[in-house]
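Down below is the structure, laid out as C-alpha cells.
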Amino acid sequence: MSWKTNARKIPAKRIQAALGKVAETFVTKKMIIRHGKPWIAKDHIRDTFIVDEDGHKTVGRSYRLKRGEYVFPGGYSHVGRGIIGKTVDIRFFEGRGWMIKIDALLRDNSTGRPVIHNGLKISVGGWFPESSLTPSGSAGLVHIRENAQAPSMDEMVKERDERIKRISKMMLG
C-alpha cells in the first residue's frame, strides 16, 4: 500500500496549461473568474464573522454557494434614467458582455415612494447592459445562476418596448 502515498499529483497549473479552457472543471479552487466575474466552481458554505470588542469571532451568517452561480452586486443604479433596483437575473453574450435584469419601481422624486397609477405600481426595471449600470454598494452581493429566468432576445426587446410605451403614456397623459 506504500504506492498510494508516493503517487505523483499533477498540479492544477499544469492541467490548465495542457487543456486550456477545459481545465477549469479540473481545478480544485472553490471560486474562479469566468467572463470577468467570480464563478462558484465547487459547492461550499461560506461564513461571515462578527468580531466583538474583545476580538472574539462569532458566525454572523452562513451562505450556501452552489456550483454554477456567479457573484454579482445585489443592486444597480442607472444614472441616466434615475433607476435603482435589485439584481434579478444575469446573462452573458459573446461580444456584448453582461446583461443585467434589475427589478425597480418608478418613484416620486420628492418623497421616494413608489408612484401608483390606477392602483398599480409602475415597474421601470428590465434588461440593461452592465456597462450602463453602476453597482449599488448598499445592496451587498447576490449569488445568482446565469439565465435564472431564461428570457429570449425577443422577450427582452418586447419588454423594453412595453416599458417605453407605459412610461411615455403616463408622462404625456
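Chain identifiers are assigned as A, B, and so on, following the order in which chains appear in the C-alpha cells; residues are numbered from 1 within each chain, and ligands are numbered from 1 in order of appearance.
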
Could you go through segment 31-170 of chain A and tell me which residues DSSP, when run on the backbone, assigns to helix (DSSP H, G or I), listing them as number ranges by chain? A: 130-132, 137-139, 153-170

Write the residues of the selection above to a file with N, CA and C atoms, as a compact mmCIF listing (two decimals), in the first residue's frame.
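Written out: selection-v2.txt:
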```txt
# COMPACT_ATOMS: atom_id res chain seq x y z
N GLU A 130 -24.45 45.81 -18.57
CA GLU A 130 -23.76 46.13 -17.31
C GLU A 130 -22.93 47.40 -17.44
N SER A 131 -22.47 47.70 -18.64
CA SER A 131 -21.65 48.90 -18.84
C SER A 131 -22.44 50.18 -18.58
N SER A 132 -23.77 50.15 -18.68
CA SER A 132 -24.57 51.34 -18.44
C SER A 132 -25.05 51.44 -16.99
N GLY A 137 -23.59 49.91 -3.74
CA GLY A 137 -22.80 49.34 -2.65
C GLY A 137 -23.62 48.91 -1.46
N SER A 138 -24.77 49.55 -1.23
CA SER A 138 -25.56 49.24 -0.04
C SER A 138 -26.33 47.93 -0.18
N ALA A 139 -26.48 47.42 -1.40
CA ALA A 139 -27.27 46.20 -1.61
C ALA A 139 -26.50 44.93 -1.34
N MET A 153 -34.14 36.81 -26.59
CA MET A 153 -33.85 38.18 -27.01
C MET A 153 -35.14 38.88 -27.44
N ASP A 154 -36.07 38.14 -28.06
CA ASP A 154 -37.36 38.73 -28.46
C ASP A 154 -38.15 39.21 -27.25
N GLU A 155 -38.12 38.42 -26.16
CA GLU A 155 -38.82 38.82 -24.94
C GLU A 155 -38.20 40.08 -24.35
N MET A 156 -36.87 40.16 -24.42
CA MET A 156 -36.18 41.34 -23.88
C MET A 156 -36.57 42.60 -24.65
N VAL A 157 -36.61 42.51 -25.99
CA VAL A 157 -36.98 43.65 -26.82
C VAL A 157 -38.44 44.03 -26.59
N LYS A 158 -39.30 43.03 -26.51
CA LYS A 158 -40.73 43.28 -26.29
C LYS A 158 -40.95 43.97 -24.94
N GLU A 159 -40.27 43.49 -23.90
CA GLU A 159 -40.39 44.07 -22.57
C GLU A 159 -39.91 45.52 -22.56
N ARG A 160 -38.80 45.80 -23.25
CA ARG A 160 -38.29 47.17 -23.32
C ARG A 160 -39.28 48.09 -24.03
N ASP A 161 -39.86 47.62 -25.15
CA ASP A 161 -40.83 48.44 -25.89
C ASP A 161 -42.07 48.73 -25.05
N GLU A 162 -42.56 47.72 -24.33
CA GLU A 162 -43.73 47.92 -23.47
C GLU A 162 -43.43 48.92 -22.35
N ARG A 163 -42.23 48.84 -21.78
CA ARG A 163 -41.84 49.76 -20.73
C ARG A 163 -41.80 51.19 -21.25
N ILE A 164 -41.25 51.39 -22.44
CA ILE A 164 -41.17 52.73 -23.04
C ILE A 164 -42.57 53.27 -23.30
N LYS A 165 -43.47 52.43 -23.81
CA LYS A 165 -44.85 52.86 -24.07
C LYS A 165 -45.56 53.25 -22.78
N ARG A 166 -45.40 52.44 -21.72
CA ARG A 166 -46.04 52.73 -20.44
C ARG A 166 -45.58 54.07 -19.87
N ILE A 167 -44.28 54.28 -19.89
CA ILE A 167 -43.73 55.50 -19.30
C ILE A 167 -44.14 56.72 -20.12
N SER A 168 -44.03 56.61 -21.44
CA SER A 168 -44.39 57.77 -22.28
C SER A 168 -45.88 58.07 -22.18
N LYS A 169 -46.72 57.04 -22.09
CA LYS A 169 -48.16 57.24 -21.96
C LYS A 169 -48.49 57.94 -20.64
N MET A 170 -47.79 57.52 -19.57
CA MET A 170 -48.03 58.13 -18.27
C MET A 170 -47.55 59.58 -18.24
```

With a distance cut-off of 12 Å and only C-alpha atoms, select the neighbouring residues of Gly125 of chain A, excluding the residue or stretch itself and same-chain residues fewer than 3 positions from it, and output the selection as a PyMOL selection string. chain A and resi 75-78+81-89+100-107+121-122+128+133+156+159-160+162-164+167

Kindly save the residues from that selection, with C-alpha atoms included, as a short mmCIF file (atom, residue, chain, number, x, y, z; two decimals), in the first residue's frame.
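Result went into part-v4.cif, see below:
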```
data_model
loop_
_atom_site.label_atom_id
_atom_site.label_comp_id
_atom_site.auth_asym_id
_atom_site.auth_seq_id
_atom_site.Cartn_x
_atom_site.Cartn_y
_atom_site.Cartn_z
CA GLY A 75 -28.37 46.12 -6.74
CA TYR A 76 -27.60 48.50 -9.57
CA SER A 77 -28.44 52.06 -10.48
CA HIS A 78 -28.86 53.56 -13.95
CA ARG A 81 -32.63 57.03 -16.23
CA GLY A 82 -32.60 57.50 -12.47
CA ILE A 83 -33.39 53.84 -11.79
CA ILE A 84 -32.24 51.97 -8.68
CA GLY A 85 -33.17 48.30 -8.41
CA LYS A 86 -32.13 44.85 -7.26
CA THR A 87 -30.42 42.23 -9.43
CA VAL A 88 -32.88 39.56 -10.57
CA ASP A 89 -31.15 37.79 -13.46
CA ILE A 100 -28.38 42.52 -16.06
CA LYS A 101 -32.09 42.36 -15.27
CA ILE A 102 -32.97 44.72 -12.45
CA ASP A 103 -36.29 44.94 -10.65
CA ALA A 104 -37.22 48.56 -9.96
CA LEU A 105 -40.30 50.72 -9.41
CA LEU A 106 -40.97 54.26 -10.61
CA ARG A 107 -40.59 56.51 -7.57
CA LYS A 121 -47.14 50.30 -9.07
CA ILE A 122 -45.20 51.02 -12.26
CA PHE A 128 -29.67 46.63 -19.26
CA LEU A 133 -25.18 50.43 -14.78
CA MET A 156 -36.18 41.34 -23.88
CA GLU A 159 -40.39 44.07 -22.57
CA ARG A 160 -38.29 47.17 -23.32
CA GLU A 162 -43.73 47.92 -23.47
CA ARG A 163 -41.84 49.76 -20.73
CA ILE A 164 -41.17 52.73 -23.04
CA ILE A 167 -43.73 55.50 -19.30
#
```

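Nearest to Glu94 of chain A of all the residues A:Pro114, A:Asp54, A:His35, A:Tyr70 is A:His35, counting only C-alpha atoms.
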
Which neighbours of segment 57-61 of chain A fall inside 6 Å, counting only C-alpha atoms, when residues of the same chain fewer than 2 positions from it are skipped, and could you give them as a ChimeraX atom specification? /A:47-51

Residue subset to file, keeping C-alpha atoms, as an mmCIF file, in the first residue's frame:
```
data_model
loop_
_atom_site.group_PDB
_atom_site.id
_atom_site.type_symbol
_atom_site.label_atom_id
_atom_site.label_comp_id
_atom_site.auth_asym_id
_atom_site.auth_seq_id
_atom_site.Cartn_x
_atom_site.Cartn_y
_atom_site.Cartn_z
ATOM 1 C CA ASP A 47 -19.431 32.121 6.768
ATOM 2 C CA THR A 48 -19.369 35.796 7.657
ATOM 3 C CA PHE A 49 -17.930 36.627 11.064
ATOM 4 C CA ILE A 50 -18.740 39.343 13.596
ATOM 5 C CA VAL A 51 -15.864 40.459 15.820
#
```

Students should find that atom CA of Asp43 of chain A and atom CA of Lys29 of chain A are spaced 10.5 Å

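Pairwise distance (atom CA of Ile144 of chain A, atom CA of Ile90 of chain A) equals 7.7 Å.
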